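Engineer: Dropping in protein.cif, which is mmCIF, C-alpha atoms:
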```
data_query
#
loop_
_atom_site.label_atom_id
_atom_site.label_comp_id
_atom_site.auth_asym_id
_atom_site.auth_seq_id
_atom_site.Cartn_x
_atom_site.Cartn_y
_atom_site.Cartn_z
CA MET C 1 -26.47 17.03 5.20
CA SER C 2 -23.88 19.44 6.62
CA ALA C 3 -20.82 20.43 4.61
CA PHE C 4 -18.58 18.78 7.23
CA ARG C 5 -20.42 15.46 7.07
CA LEU C 6 -20.43 15.54 3.26
CA SER C 7 -16.68 16.20 3.22
CA ALA C 8 -16.10 13.31 5.64
CA LEU C 9 -18.17 10.89 3.54
CA VAL C 10 -16.45 11.96 0.31
CA THR C 11 -13.07 11.41 1.99
CA LEU C 12 -14.17 7.94 3.10
CA ALA C 13 -15.24 7.12 -0.47
CA MET C 14 -11.87 8.28 -1.83
CA LEU C 15 -10.10 6.08 0.73
CA ALA C 16 -12.19 3.12 -0.46
CA PHE C 17 -11.24 3.83 -4.10
CA ALA C 18 -7.56 4.05 -3.16
CA ALA C 19 -7.85 0.80 -1.20
CA ASN C 20 -9.12 -0.84 -4.39
CA SER C 21 -5.89 0.16 -6.10
CA ILE C 22 -3.81 -1.27 -3.25
CA LEU C 23 -5.75 -4.54 -3.25
CA ASN C 24 -5.40 -4.81 -7.03
CA ARG C 25 -1.65 -4.25 -6.87
CA ALA C 26 -1.23 -6.70 -3.98
CA ALA C 27 -3.22 -9.39 -5.82
CA VAL C 28 -2.71 -8.91 -9.57
CA GLY C 29 0.66 -7.17 -9.36
CA ALA C 30 2.07 -9.91 -7.15
CA GLY C 31 0.82 -12.67 -9.45
CA GLU C 32 -1.68 -14.04 -6.92
CA ILE C 33 -4.52 -13.83 -9.46
CA ASP C 34 -4.93 -12.72 -13.07
CA ALA C 35 -6.63 -9.42 -13.87
CA LEU C 36 -9.76 -10.87 -15.46
CA SER C 37 -10.40 -13.31 -12.61
CA PHE C 38 -9.91 -10.44 -10.16
CA ALA C 39 -12.63 -8.43 -11.97
CA ILE C 40 -15.05 -11.37 -11.98
CA VAL C 41 -14.60 -12.20 -8.28
CA ARG C 42 -14.82 -8.50 -7.47
CA ALA C 43 -18.14 -8.13 -9.30
CA VAL C 44 -19.68 -11.36 -7.95
CA SER C 45 -18.71 -10.73 -4.32
CA GLY C 46 -19.98 -7.16 -4.53
CA ALA C 47 -23.31 -8.33 -5.96
CA LEU C 48 -23.76 -11.01 -3.29
CA VAL C 49 -22.92 -8.85 -0.28
CA LEU C 50 -24.89 -5.79 -1.41
CA SER C 51 -27.95 -7.85 -2.41
CA ALA C 52 -27.88 -9.63 0.96
CA LEU C 53 -27.79 -6.29 2.79
CA VAL C 54 -30.69 -4.93 0.75
CA LEU C 55 -32.82 -8.06 1.25
CA ALA C 56 -32.02 -8.10 4.98
CA ARG C 57 -33.60 -4.66 5.19
CA ARG C 58 -36.74 -6.12 3.53
CA ARG C 59 -36.26 -4.14 0.35
CA CYS C 60 -36.08 -5.26 -3.25
CA VAL C 61 -33.03 -5.07 -5.54
CA PRO C 62 -34.28 -2.99 -8.51
CA VAL C 63 -32.66 -5.11 -11.23
CA LEU C 64 -35.48 -4.57 -13.73
CA LYS C 65 -35.59 -0.77 -13.66
CA ALA C 66 -34.87 0.84 -17.03
CA ARG C 67 -32.12 3.04 -15.61
CA ARG C 68 -30.07 -0.10 -14.82
CA VAL C 69 -29.02 -0.14 -18.47
CA VAL C 70 -26.89 2.95 -17.89
CA GLY C 71 -25.61 2.18 -14.38
CA ALA C 72 -24.85 -1.51 -14.86
CA GLY C 73 -23.54 -1.02 -18.39
CA ALA C 74 -21.17 1.75 -17.33
CA LEU C 75 -19.96 -0.25 -14.31
CA THR C 76 -19.27 -3.27 -16.53
CA LEU C 77 -17.31 -1.13 -19.00
CA TYR C 78 -15.21 0.18 -16.13
CA LEU C 79 -14.49 -3.21 -14.53
CA LEU C 80 -13.64 -4.96 -17.80
CA GLY C 81 -11.76 -2.08 -19.39
CA PHE C 82 -9.69 -1.62 -16.24
CA SER C 83 -8.78 -5.30 -16.01
CA ILE C 84 -8.02 -5.79 -19.71
CA ALA C 85 -5.89 -2.64 -19.90
CA TYR C 86 -3.66 -3.44 -16.93
CA VAL C 87 -2.53 -6.67 -18.54
CA GLN C 88 -0.43 -4.68 -21.03
CA ILE C 89 -0.15 -1.09 -19.82
CA ASP C 90 2.03 0.54 -17.17
CA ALA C 91 0.05 1.13 -13.98
CA GLY C 92 0.96 4.82 -13.73
CA LEU C 93 0.20 5.65 -17.35
CA GLY C 94 -3.02 3.65 -17.12
CA ALA C 95 -4.14 5.68 -14.11
CA LEU C 96 -3.42 8.91 -15.96
CA ILE C 97 -5.53 7.82 -18.95
CA LEU C 98 -8.27 6.58 -16.60
CA PHE C 99 -8.58 9.71 -14.48
CA GLY C 100 -8.13 12.01 -17.46
CA ALA C 101 -11.08 10.30 -19.15
CA VAL C 102 -13.13 10.43 -15.94
CA GLN C 103 -12.42 14.14 -15.59
CA VAL C 104 -13.39 15.01 -19.17
CA THR C 105 -16.52 12.83 -19.03
CA MET C 106 -17.80 14.30 -15.77
CA PHE C 107 -17.04 17.92 -16.66
CA ALA C 108 -18.72 17.46 -20.06
CA GLY C 109 -21.69 15.64 -18.56
CA GLY C 110 -22.09 18.31 -15.92
CA VAL C 111 -22.02 21.14 -18.47
CA MET C 112 -24.56 19.31 -20.66
CA GLY C 113 -26.73 18.87 -17.57
CA GLY C 114 -26.71 22.57 -16.75
CA ASP C 115 -23.71 22.90 -14.41
CA ARG C 116 -21.57 26.00 -14.89
CA PRO C 117 -18.24 25.36 -13.12
CA PRO C 118 -16.38 28.54 -12.15
CA VAL C 119 -13.11 29.35 -13.90
CA ARG C 120 -11.05 28.44 -10.83
CA ARG C 121 -12.46 24.89 -10.94
CA TRP C 122 -11.24 24.46 -14.53
CA ILE C 123 -7.83 25.83 -13.55
CA GLY C 124 -7.70 23.62 -10.45
CA ALA C 125 -8.54 20.54 -12.51
CA GLY C 126 -5.76 21.38 -14.98
CA VAL C 127 -3.20 21.89 -12.21
CA ALA C 128 -4.27 18.69 -10.46
CA LEU C 129 -4.02 16.69 -13.69
CA GLY C 130 -0.55 18.14 -14.25
CA GLY C 131 0.50 17.05 -10.77
CA LEU C 132 -1.01 13.62 -11.39
CA ALA C 133 0.95 13.27 -14.63
CA TRP C 134 4.15 14.17 -12.77
CA LEU C 135 3.34 11.66 -10.02
CA ILE C 136 2.56 8.60 -12.11
CA TRP C 137 4.27 9.06 -15.47
CA PRO C 138 6.54 6.03 -16.01
CA ALA C 139 10.30 6.52 -16.18
CA GLY C 140 12.26 5.84 -19.36
CA SER C 141 10.80 5.17 -22.78
CA VAL C 142 7.03 4.73 -22.91
CA SER C 143 5.31 2.21 -25.15
CA VAL C 144 1.53 2.29 -25.12
CA PRO C 145 -0.24 -0.71 -26.69
CA PRO C 146 -3.22 0.77 -28.59
CA ILE C 147 -5.69 -1.88 -27.39
CA ALA C 148 -4.70 -1.41 -23.74
CA ALA C 149 -4.88 2.38 -24.01
CA ALA C 150 -8.31 2.13 -25.67
CA ALA C 151 -9.52 -0.26 -22.95
CA MET C 152 -8.42 2.14 -20.21
CA LEU C 153 -10.04 5.05 -22.03
CA VAL C 154 -13.30 3.07 -22.18
CA ALA C 155 -12.93 2.29 -18.46
CA GLY C 156 -12.54 5.99 -17.65
CA ILE C 157 -15.58 6.95 -19.71
CA GLY C 158 -17.51 4.09 -18.09
CA TRP C 159 -16.68 5.27 -14.58
CA GLY C 160 -17.50 8.87 -15.48
CA VAL C 161 -20.91 7.85 -16.83
CA TYR C 162 -21.46 5.61 -13.79
CA SER C 163 -20.78 8.57 -11.49
CA LEU C 164 -23.03 10.88 -13.51
CA ALA C 165 -25.83 8.30 -13.32
CA GLY C 166 -25.40 8.19 -9.55
CA ARG C 167 -26.39 11.84 -9.20
CA GLY C 168 -30.01 10.71 -9.51
CA ALA C 169 -29.75 7.87 -6.99
CA THR C 170 -32.58 7.71 -4.44
CA ASP C 171 -31.63 4.41 -2.78
CA PRO C 172 -27.81 4.15 -3.08
CA LEU C 173 -27.42 0.69 -1.51
CA ALA C 174 -30.17 -0.97 -3.55
CA GLU C 175 -29.18 0.71 -6.81
CA THR C 176 -25.52 -0.23 -6.36
CA ALA C 177 -26.55 -3.82 -5.59
CA ALA C 178 -28.61 -3.93 -8.80
CA ASN C 179 -25.71 -2.53 -10.83
CA PHE C 180 -23.36 -5.21 -9.47
CA ALA C 181 -25.99 -7.91 -10.00
CA TRP C 182 -26.01 -7.12 -13.71
CA ALA C 183 -22.26 -6.47 -13.96
CA ALA C 184 -21.33 -9.85 -12.47
CA PRO C 185 -22.61 -12.03 -15.34
CA LEU C 186 -21.54 -9.45 -17.92
CA CYS C 187 -17.95 -9.66 -16.63
CA LEU C 188 -17.97 -13.37 -17.51
CA LEU C 189 -18.41 -12.64 -21.23
CA PRO C 190 -14.68 -12.14 -21.99
CA VAL C 191 -13.96 -15.58 -20.54
CA LEU C 192 -16.36 -17.07 -23.08
CA VAL C 193 -15.15 -14.95 -26.00
CA LEU C 194 -11.43 -14.36 -25.52
CA PRO C 195 -8.87 -17.20 -25.74
CA ALA C 196 -7.26 -18.18 -22.44
CA SER C 197 -3.81 -16.73 -21.88
CA PRO C 198 -1.14 -19.44 -21.80
CA GLU C 199 0.72 -17.42 -19.14
CA ALA C 200 -2.26 -17.19 -16.77
CA ALA C 201 -1.74 -19.21 -13.60
CA ALA C 202 -4.47 -20.55 -11.33
CA PRO C 203 -5.52 -17.94 -8.72
CA THR C 204 -4.24 -18.53 -5.20
CA ASP C 205 -6.49 -18.47 -2.14
CA TYR C 206 -4.82 -15.21 -1.10
CA GLY C 207 -5.53 -13.62 -4.49
CA LEU C 208 -9.17 -14.74 -4.37
CA ALA C 209 -9.52 -13.35 -0.84
CA LEU C 210 -8.14 -9.95 -1.87
CA ALA C 211 -10.48 -9.84 -4.86
CA ALA C 212 -13.46 -10.74 -2.64
CA ILE C 213 -12.57 -7.99 -0.14
CA SER C 214 -12.24 -5.53 -3.00
CA GLY C 215 -15.67 -6.49 -4.33
CA ALA C 216 -17.59 -6.73 -1.07
CA VAL C 217 -16.07 -3.85 0.90
CA THR C 218 -14.02 -1.27 -0.98
CA SER C 219 -15.97 -1.60 -4.24
CA GLY C 220 -19.48 -2.64 -3.18
CA LEU C 221 -19.89 -0.61 -0.01
CA GLY C 222 -17.54 2.09 -1.29
CA TYR C 223 -19.57 2.58 -4.47
CA ALA C 224 -22.83 2.59 -2.49
CA LEU C 225 -21.37 5.38 -0.35
CA TRP C 226 -20.30 7.21 -3.51
CA TYR C 227 -23.85 6.96 -4.89
CA GLY C 228 -25.07 8.37 -1.59
CA VAL C 229 -22.98 11.56 -1.80
CA LEU C 230 -23.11 12.17 -5.56
CA PRO C 231 -26.57 13.84 -5.53
CA LYS C 232 -25.16 16.42 -3.10
CA MET C 233 -22.35 17.57 -5.42
CA ALA C 234 -21.97 19.21 -8.78
CA ALA C 235 -20.55 16.88 -11.45
CA SER C 236 -17.40 18.98 -11.81
CA VAL C 237 -16.77 18.77 -8.06
CA SER C 238 -17.23 15.00 -7.91
CA GLY C 239 -14.88 14.66 -10.88
CA LEU C 240 -12.27 16.93 -9.33
CA VAL C 241 -12.12 15.24 -5.92
CA GLN C 242 -11.44 11.86 -7.54
CA LEU C 243 -8.03 13.11 -8.67
CA SER C 244 -6.95 12.66 -5.05
CA VAL C 245 -7.26 8.86 -5.33
CA PRO C 246 -3.85 8.17 -6.97
CA VAL C 247 -2.15 10.39 -4.37
CA ILE C 248 -3.82 8.50 -1.52
CA ALA C 249 -2.95 5.18 -3.18
CA ALA C 250 0.68 6.24 -3.59
CA ALA C 251 0.91 7.19 0.09
CA ALA C 252 -0.74 3.91 1.09
CA GLY C 253 1.75 2.03 -1.09
CA VAL C 254 4.60 3.55 0.90
CA ILE C 255 2.98 2.76 4.24
CA LEU C 256 1.45 -0.66 3.53
CA LEU C 257 3.50 -2.13 0.68
CA GLY C 258 6.93 -0.77 1.60
CA GLU C 259 7.27 1.24 -1.62
CA VAL C 260 10.01 3.87 -1.76
CA LEU C 261 9.05 7.45 -0.90
CA ARG C 262 10.59 9.79 -3.47
CA LEU C 263 10.83 13.57 -3.66
CA ARG C 264 8.85 13.50 -6.90
CA MET C 265 5.99 11.83 -5.02
CA LEU C 266 5.95 14.57 -2.40
CA GLY C 267 6.11 17.42 -4.92
CA ALA C 268 3.60 15.93 -7.34
CA GLY C 269 1.22 14.97 -4.53
CA ALA C 270 1.33 18.51 -3.15
CA LEU C 271 0.68 19.95 -6.63
CA THR C 272 -2.27 17.60 -7.23
CA LEU C 273 -3.88 18.26 -3.85
CA GLY C 274 -3.16 21.98 -4.21
CA GLY C 275 -4.95 22.01 -7.57
CA ILE C 276 -7.94 20.23 -6.05
CA ALA C 277 -8.04 22.66 -3.12
CA TYR C 278 -7.81 25.66 -5.45
CA GLY C 279 -10.51 24.26 -7.73
CA LEU C 280 -12.87 23.77 -4.82
CA GLY C 281 -12.00 27.11 -3.24
CA ALA C 282 -14.39 28.39 -0.64
CA VAL C 283 -17.37 27.08 -2.59
CA HIS C 284 -19.40 24.49 -0.72
CA MET C 285 -19.67 21.10 -2.38
CA MET C 286 -23.37 21.03 -1.78
CA ARG C 287 -25.23 20.80 -5.05
CA GLY C 288 -27.05 23.96 -5.84
CA SER C 289 -24.70 26.25 -3.92
CA ARG C 290 -23.43 29.32 -5.64
CA GLY C 291 -20.86 28.57 -8.33
CA SER C 292 -21.55 24.82 -8.38
#
```
Give the structure from this file in structure tokens form.

Structural biologist:
Amino acid sequence: MSAFRLSALVTLAMLAFAANSILNRAAVGAGEIDALSFAIVRAVSGALVLSALVLARRRCVPVLKARRVVGAGALTLYLLGFSIAYVQIDAGLGALILFGAVQVTMFAGGVMGGDRPPVRRWIGAGVALGGLAWLIWPAGSVSVPPIAAAAMLVAGIGWGVYSLAGRGATDPLAETAANFAWAAPLCLLPVLVLPASPEAAAPTDYGLALAAISGAVTSGLGYALWYGVLPKMAASVSGLVQLSVPVIAAAAGVILLGEVLRLRMLGAGALTLGGIAYGLGAVHMMRGSRGS
């Protein structure tokens, strides 16, 4: 795979991740569906569509492979932690906790696996995280419910582990389908354990449709694409590029949701993307290249 094609596929995956954020805000943020129902529909629709695609190609969904414990378990932690946290935590602060945890998990996992990121990649990650904090830190006084913060931290670790597990993927579509097939029933557990919220309203058709699109397209196919490119990158690189997602989502919010474009958004976005660019430098993202 050429460096240009890899860069294009990584960019497409980041756009899918950002689209997930937009769909979540348009559905959950607008009160069209509650966060937990969104996660369940997202997981079920992703499992159905991906499994159908795998079976249509006359291949099996490897749901009984031992490595599913890590992939499916980490995906479930991410989906549930993300949904539970956003019920009580500010979206911007939640994203900062999430991506900070992802970054630490992937850098640590990469180092433990033998990666030796160059100094400029550590510096770039720090600068990008600083820009991200500037971009999404909520205005005014900040109150962080401990349970929500812990849930988002778990979600970030879950996604980091899920991405690290994907570095060994040999059949991205089938493995992603198997992960979603296990995550779908696991996401139903909170419904059986936690008491129903008296403020939760019945999901609208529009909210259900947005959740289904998120699961089938931007999550299911997007995550399969992510599993396809992960083996070609060092863990520190795949962690670093994901810091671009909140910037893309913020820009999409301005374009698609009519959100206000502020000077802070422009400055923070430039700082974040500049940190990512500096961290990557002239080093190719191909796994095994010098410095990766």

Engineer: Selected by the PyMOL selection byres ((chain C and resi 267) around 12) in the shown coordinates: which residues, as a ChimeraX atom specification?

Structural biologist: /C:128,130-136,247,261-266,268-274

Engineer: For the selection just defined, write its residues with C-alpha atoms to a file, as a tab-separated table (two decimals), keeping the file's coordinate frame.

Structural biologist:
```tsv
chain	number	residue	atom	x	y	z
C	128	ALA	CA	-4.27	18.69	-10.46
C	130	GLY	CA	-0.55	18.14	-14.25
C	131	GLY	CA	0.50	17.05	-10.77
C	132	LEU	CA	-1.01	13.62	-11.39
C	133	ALA	CA	0.95	13.27	-14.63
C	134	TRP	CA	4.15	14.17	-12.77
C	135	LEU	CA	3.34	11.66	-10.02
C	136	ILE	CA	2.56	8.60	-12.11
C	247	VAL	CA	-2.15	10.39	-4.37
C	261	LEU	CA	9.05	7.45	-0.90
C	262	ARG	CA	10.59	9.79	-3.47
C	263	LEU	CA	10.83	13.57	-3.66
C	264	ARG	CA	8.85	13.50	-6.90
C	265	MET	CA	5.99	11.83	-5.02
C	266	LEU	CA	5.95	14.57	-2.40
C	268	ALA	CA	3.60	15.93	-7.34
C	269	GLY	CA	1.22	14.97	-4.53
C	270	ALA	CA	1.33	18.51	-3.15
C	271	LEU	CA	0.68	19.95	-6.63
C	272	THR	CA	-2.27	17.60	-7.23
C	273	LEU	CA	-3.88	18.26	-3.85
C	274	GLY	CA	-3.16	21.98	-4.21
```

Engineer: Starting from the shown file, work through the PyMOL selection byres ((chain C and resi 231-245) around 7) and note down what comes out as a ChimeraX atom specification.

Structural biologist: /C:14,17-18,99,102-103,106-107,110,115,117,125,128,164,167-169,228-230,246-249,273,276,285-287,292

Engineer: Excluding Gly220 in chain C and residues on its chain fewer than 2 positions from it, collect all residues at most 10 Å away from it, counting only C-alpha atoms, and give them as a PDB file with C-alpha atoms, in the frame of the given file.

Structural biologist:
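Output saved as selection10.pdb:
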```
ATOM      1  CA  ALA C  16     -12.190   3.120  -0.460  1.00  0.00           C
ATOM      2  CA  ARG C  42     -14.820  -8.500  -7.470  1.00  0.00           C
ATOM      3  CA  ALA C  43     -18.140  -8.130  -9.300  1.00  0.00           C
ATOM      4  CA  VAL C  44     -19.680 -11.360  -7.950  1.00  0.00           C
ATOM      5  CA  SER C  45     -18.710 -10.730  -4.320  1.00  0.00           C
ATOM      6  CA  GLY C  46     -19.980  -7.160  -4.530  1.00  0.00           C
ATOM      7  CA  ALA C  47     -23.310  -8.330  -5.960  1.00  0.00           C
ATOM      8  CA  LEU C  48     -23.760 -11.010  -3.290  1.00  0.00           C
ATOM      9  CA  VAL C  49     -22.920  -8.850  -0.280  1.00  0.00           C
ATOM     10  CA  LEU C  50     -24.890  -5.790  -1.410  1.00  0.00           C
ATOM     11  CA  SER C  51     -27.950  -7.850  -2.410  1.00  0.00           C
ATOM     12  CA  LEU C 173     -27.420   0.690  -1.510  1.00  0.00           C
ATOM     13  CA  THR C 176     -25.520  -0.230  -6.360  1.00  0.00           C
ATOM     14  CA  ALA C 177     -26.550  -3.820  -5.590  1.00  0.00           C
ATOM     15  CA  ASN C 179     -25.710  -2.530 -10.830  1.00  0.00           C
ATOM     16  CA  PHE C 180     -23.360  -5.210  -9.470  1.00  0.00           C
ATOM     17  CA  ILE C 213     -12.570  -7.990  -0.140  1.00  0.00           C
ATOM     18  CA  SER C 214     -12.240  -5.530  -3.000  1.00  0.00           C
ATOM     19  CA  GLY C 215     -15.670  -6.490  -4.330  1.00  0.00           C
ATOM     20  CA  ALA C 216     -17.590  -6.730  -1.070  1.00  0.00           C
ATOM     21  CA  VAL C 217     -16.070  -3.850   0.900  1.00  0.00           C
ATOM     22  CA  THR C 218     -14.020  -1.270  -0.980  1.00  0.00           C
ATOM     23  CA  GLY C 222     -17.540   2.090  -1.290  1.00  0.00           C
ATOM     24  CA  TYR C 223     -19.570   2.580  -4.470  1.00  0.00           C
ATOM     25  CA  ALA C 224     -22.830   2.590  -2.490  1.00  0.00           C
ATOM     26  CA  LEU C 225     -21.370   5.380  -0.350  1.00  0.00           C
ATOM     27  CA  TRP C 226     -20.300   7.210  -3.510  1.00  0.00           C
TER      28      TRP C 226
END
```

Engineer: Using all atoms listed in the file, which residue out of C:Ser163, C:Ser7, C:Thr170, C:Ser37 lies closest to Tyr78 in chain C?

Structural biologist: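 Of the candidates, the smallest distance to Tyr78 in chain C is held by C:Ser163.
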
Engineer: What is the distance, in Å and to one decimal place, between CA of Leu208 in chain C and CA of Pro185 in chain C?

Structural biologist: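 Between CA of Leu208 in chain C and CA of Pro185 in chain C the gap is 17.6 Å.
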
Engineer: Quick check, in Å to one decimal: how far apart do CA of Trp137 in chain C and CA of Leu256 in chain C lie?

Structural biologist: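 Result for CA of Trp137 in chain C versus CA of Leu256 in chain C: 21.5 Å, one decimal.
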
Engineer: To one decimal place in Å, what is the distance between CA of Ala183 in chain C and CA of Arg58 in chain C?

Structural biologist: 22.7 Å
